[in-house]
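Heads up: the structure comes next, in structure tokens.
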Amino acid sequence: MSNPVFHTIGLIGKFGDPHFSGTLSQIADHLRQRQLRVLIDEGSARQIPDNGLEVADRTTIGRQCDLVIVLGGDGTMLNAARSLVDYEVPILGVNLGRLGFLADVSPSEIPHSLDEVLAGQFREARRSLLHAQVMHGGQVASEADALNDVVVHKREVARMIEVEAFVDGRFLNAYRADGLIISTPTGSTAYALAGGGPIIHPGLEAVVLVPICPHTLTNRPIVVKADSIIEVALSATNTTDTLVTCDGQVSLAIEPGDRIVIRKKEIKMRLIHPINHDYFKLLRAKLRWGLGPEASPFT
């Protein structure tokens, strides 16, 4: 193959999972046969020692690679997206488990789909992230990005939390609930969907707020513009142990009286899809639409 679009490729595998080594080796060999430079994430390299690949940390991968291939599932993609988004490097996901919304290339499609991508035959999507800051006494106590969602939630099983939500400085509502999900369109098919939220096409610029098991049943999900600044204040009288979780992977501590400020991150993730990618076909397959009530979306 002549004149590839990408020249330095990063490889990231599911952390702690040695089962991806065969597919990773297949992809690495395929790339090296095309005389492309290949960097492997240092965490992945520990799973397959003596692989002969150039080992690099996420910073080096972000700065030097012009494409990153992530092997795993959507969870691995979320982790990679947060660590690489600031470098604006495009990411291609190879799903090693169940069909994913983000990692949508199956190992059986390698090397054909990979060759198409290397030749410039692909679709690129830009996905918005959220940036969350926990404010304590007027100072930023902690912060993190989220591709799917920022969730304010209880730790204990049988207790509710009390929060107030504001959008662009205007009071929205006071919630007594198990928690509150603030989701991107990408995350609308994740926890927010399980909480009764709508499916939002990832091309839309929007954010959805979904209360988790609200005490008042008329508290419904609400969609606001993506540029909104959302503030969630944890009641000073709240006695339930509470956390802020980003993408279900990063936890930020929060105390009564603290505020979480959530806004759209300026830099977007660059997500690469195969040329034949069809979001609605993916929805039908993932959610088992039209297959009858016995079909499970988790098999």
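Residues are referred to by chain and number: the chain letter is A, B, ... according to the order shown in the structure tokens, the number counts from 1 in that chain, and ligands are numbered separately from 1 in the order shown.
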
Open item on the list: Residues of stretch 93-233 of chain A classed as strand (DSSP E or B) by DSSP on the backbone are to be reported as a PyMOL selection string.
Closed with: chain A and resi 93-95+105+122-127+130-136+139-146+149-154+161-167+170-177+179-183+206-212+222-225+230-233

Open item on the list: What's around A:Ala132 at 12 Å? Count only C-alpha atoms, leave out sequence neighbours fewer than 6 positions away in its own chain, and write the answer as a ChimeraX atom specification.
Closed with: /A:140-147,149-152,182-183,229-232,244-247,250-252,259-265

Using only C-alpha atoms, what table do you get, as a Markdown table, when you list each residue of stretch 56-101 of chain A with an atom no more than 10 Å from stretch 30-48 of chain A, its nearest pair of atoms, and their distance in Å rounded to one decimal, rows by chain then rising number?
| residue | atom | partner | partner_atom | distance |
| --- | --- | --- | --- | --- |
| A:Ala56 | CA | A:Asp41 | CA | 5.3 |
| A:Asp57 | CA | A:Glu42 | CA | 5.6 |
| A:Arg58 | CA | A:Asp41 | CA | 6.6 |
| A:Thr59 | CA | A:Asp41 | CA | 9.8 |
| A:Thr60 | CA | A:Leu39 | CA | 8.9 |
| A:Ile61 | CA | A:Leu39 | CA | 6.9 |
| A:Gln64 | CA | A:Leu39 | CA | 9.0 |
| A:Cys65 | CA | A:Leu39 | CA | 7.9 |
| A:Leu67 | CA | A:Val38 | CA | 9.9 |
| A:Val68 | CA | A:Leu39 | CA | 9.0 |
| A:Ile69 | CA | A:Ile40 | CA | 9.7 |
| A:Val70 | CA | A:Asp41 | CA | 9.9 |
| A:Leu71 | CA | A:Ser44 | CA | 9.8 |

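All residues of protein, DNA or RNA that reach within 9 Å of A:Ala165, judged by only C-alpha atoms and not counting those fewer than 3 positions away in the chain, are Arg170, Phe171, Leu172, Asn173, Ala174, Tyr175, Ile230, Glu231, Val232 and Ala233 of chain A.
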
- [ ] Using backbone DSSP assignments, extract all helix (DSSP H, G or I) residues from stretch 26-178 of chain A; output them as an MDAnalysis selection string.
- [x] chainID A and resid 26:33 42:45 58:64 74:87 107:109 112:118

Restrict the selected residues to N, CA and C atoms and save them as a tab-separated table (two decimals), in the first residue's frame.
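Output saved as result-v2.tsv:
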chain	number	residue	atom	x	y	z
A	26	GLN	N	-1.23	-9.20	15.68
A	26	GLN	CA	-1.66	-9.21	14.28
A	26	GLN	C	-1.66	-7.81	13.70
A	27	ILE	N	-2.21	-6.86	14.45
A	27	ILE	CA	-2.27	-5.47	13.97
A	27	ILE	C	-0.87	-4.88	13.86
A	28	ALA	N	-0.03	-5.12	14.89
A	28	ALA	CA	1.33	-4.58	14.88
A	28	ALA	C	2.13	-5.11	13.69
A	29	ASP	N	2.02	-6.42	13.44
A	29	ASP	CA	2.74	-7.01	12.31
A	29	ASP	C	2.24	-6.43	10.99
A	30	HIS	N	0.94	-6.25	10.89
A	30	HIS	CA	0.35	-5.70	9.67
A	30	HIS	C	0.87	-4.29	9.40
A	31	LEU	N	0.99	-3.50	10.46
A	31	LEU	CA	1.47	-2.13	10.31
A	31	LEU	C	2.95	-2.08	9.97
A	32	ARG	N	3.73	-2.94	10.62
A	32	ARG	CA	5.16	-2.93	10.36
A	32	ARG	C	5.49	-3.45	8.96
A	33	GLN	N	4.65	-4.34	8.44
A	33	GLN	CA	4.86	-4.80	7.07
A	33	GLN	C	4.70	-3.65	6.07
A	42	GLU	N	2.63	1.76	27.32
A	42	GLU	CA	3.46	1.04	28.28
A	42	GLU	C	2.65	0.06	29.13
A	43	GLY	N	1.39	0.40	29.42
A	43	GLY	CA	0.55	-0.52	30.17
A	43	GLY	C	0.25	-1.78	29.38
A	44	SER	N	0.01	-1.63	28.08
A	44	SER	CA	-0.26	-2.77	27.22
A	44	SER	C	1.00	-3.61	27.02
A	45	ALA	N	2.14	-2.95	26.94
A	45	ALA	CA	3.40	-3.66	26.70
A	45	ALA	C	3.71	-4.64	27.81
A	58	ARG	N	1.44	7.66	27.49
A	58	ARG	CA	0.33	8.29	26.78
A	58	ARG	C	0.72	9.67	26.23
A	59	THR	N	1.55	10.38	26.96
A	59	THR	CA	1.97	11.70	26.48
A	59	THR	C	2.74	11.58	25.16
A	60	THR	N	3.67	10.64	25.11
A	60	THR	CA	4.46	10.43	23.89
A	60	THR	C	3.56	9.96	22.75
A	61	ILE	N	2.64	9.06	23.05
A	61	ILE	CA	1.71	8.59	22.02
A	61	ILE	C	0.88	9.76	21.49
A	62	GLY	N	0.39	10.59	22.39
A	62	GLY	CA	-0.41	11.73	21.97
A	62	GLY	C	0.37	12.72	21.11
A	63	ARG	N	1.62	12.93	21.45
A	63	ARG	CA	2.42	13.93	20.73
A	63	ARG	C	2.98	13.42	19.41
A	64	GLN	N	3.29	12.14	19.35
A	64	GLN	CA	4.02	11.64	18.18
A	64	GLN	C	3.17	10.84	17.20
A	74	ASP	N	-15.78	-0.33	24.96
A	74	ASP	CA	-16.04	1.10	25.12
A	74	ASP	C	-15.37	1.66	26.36
A	75	GLY	N	-15.21	0.85	27.41
A	75	GLY	CA	-14.53	1.32	28.61
A	75	GLY	C	-13.08	1.69	28.33
A	76	THR	N	-12.41	0.86	27.55
A	76	THR	CA	-11.02	1.15	27.17
A	76	THR	C	-10.96	2.40	26.29
A	77	MET	N	-11.96	2.56	25.43
A	77	MET	CA	-12.03	3.75	24.58
A	77	MET	C	-12.23	5.02	25.42
A	78	LEU	N	-13.07	4.95	26.43
A	78	LEU	CA	-13.29	6.11	27.29
A	78	LEU	C	-11.99	6.55	27.96
A	79	ASN	N	-11.26	5.57	28.47
A	79	ASN	CA	-9.99	5.87	29.13
A	79	ASN	C	-9.01	6.50	28.15
A	80	ALA	N	-8.91	5.92	26.95
A	80	ALA	CA	-7.99	6.45	25.95
A	80	ALA	C	-8.40	7.85	25.51
A	81	ALA	N	-9.70	8.07	25.33
A	81	ALA	CA	-10.18	9.38	24.87
A	81	ALA	C	-9.81	10.48	25.85
A	82	ARG	N	-10.01	10.24	27.14
A	82	ARG	CA	-9.69	11.27	28.13
A	82	ARG	C	-8.20	11.59	28.15
A	83	SER	N	-7.37	10.57	27.97
A	83	SER	CA	-5.92	10.80	28.06
A	83	SER	C	-5.34	11.41	26.79
A	84	LEU	N	-6.05	11.29	25.66
A	84	LEU	CA	-5.48	11.73	24.38
A	84	LEU	C	-6.19	12.92	23.75
A	85	VAL	N	-7.34	13.31	24.29
A	85	VAL	CA	-8.14	14.34	23.61
A	85	VAL	C	-7.38	15.64	23.43
A	86	ASP	N	-6.56	16.03	24.37
A	86	ASP	CA	-5.85	17.31	24.27
A	86	ASP	C	-4.82	17.32	23.14
A	87	TYR	N	-4.43	16.15	22.66
A	87	TYR	CA	-3.45	16.08	21.57
A	87	TYR	C	-4.14	16.03	20.20
A	107	PRO	N	-12.40	-7.79	15.26
A	107	PRO	CA	-11.14	-8.39	14.82
A	107	PRO	C	-11.26	-9.08	13.46
A	108	SER	N	-12.46	-9.60	13.13
A	108	SER	CA	-12.64	-10.28	11.85
A	108	SER	C	-12.52	-9.32	10.66
A	109	GLU	N	-12.67	-8.01	10.94
A	109	GLU	CA	-12.58	-7.02	9.88
A	109	GLU	C	-11.15	-6.52	9.66
A	112	HIS	N	-8.70	-5.82	6.61
A	112	HIS	CA	-9.38	-5.07	5.54
A	112	HIS	C	-9.75	-3.66	5.99
A	113	SER	N	-10.45	-3.54	7.13
A	113	SER	CA	-10.88	-2.22	7.59
A	113	SER	C	-9.67	-1.34	7.92
A	114	LEU	N	-8.63	-1.96	8.46
A	114	LEU	CA	-7.43	-1.19	8.79
A	114	LEU	C	-6.78	-0.64	7.54
A	115	ASP	N	-6.71	-1.43	6.49
A	115	ASP	CA	-6.13	-0.95	5.24
A	115	ASP	C	-6.94	0.21	4.65
A	116	GLU	N	-8.26	0.12	4.77
A	116	GLU	CA	-9.10	1.21	4.28
A	116	GLU	C	-8.81	2.49	5.05
A	117	VAL	N	-8.70	2.38	6.37
A	117	VAL	CA	-8.42	3.57	7.18
A	117	VAL	C	-7.06	4.15	6.82
A	118	LEU	N	-6.05	3.29	6.69
A	118	LEU	CA	-4.71	3.76	6.35
A	118	LEU	C	-4.67	4.43	4.99

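The nearest approach to A:Asp258 among the residues A:His7, A:His136, A:Arg270, A:Lys225, with only C-alpha atoms taken into account, belongs to A:His136.
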
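The residue that comes closest to A:His273, out of A:Gly169, A:Gly93, A:Gly137, A:Gly100 and on the basis of only C-alpha atoms, is A:Gly93.
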
Open item on the list: Nearest residue to A:Pro49 out of A:Gly203, A:Asp168, A:Ser21, A:Asp104, using only C-alpha atoms?
Closed with: A:Ser21

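Using only C-alpha atoms, the smallest distance between any of A:Ala119, A:Leu102, A:Leu204, A:Ile212 and A:Met160 comes from A:Ile212.
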
Open item on the list: To one decimal place in Å, what is the distance between atom CA of A:Arg159 and atom CA of A:Asp178?
Closed with: 7.1 Å

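Atom to atom, atom CA of A:Ala177 and atom CA of A:Glu162 stand 6.8 Å apart.
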
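Atom CA of A:Val208 sits 24.9 Å away from atom CA of A:His277.
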
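You can rank A:Leu53, A:Ala125, A:Leu130, A:Leu193 by their closest distance to A:Pro90 using only C-alpha atoms, and at the top of that list sits A:Ala125.
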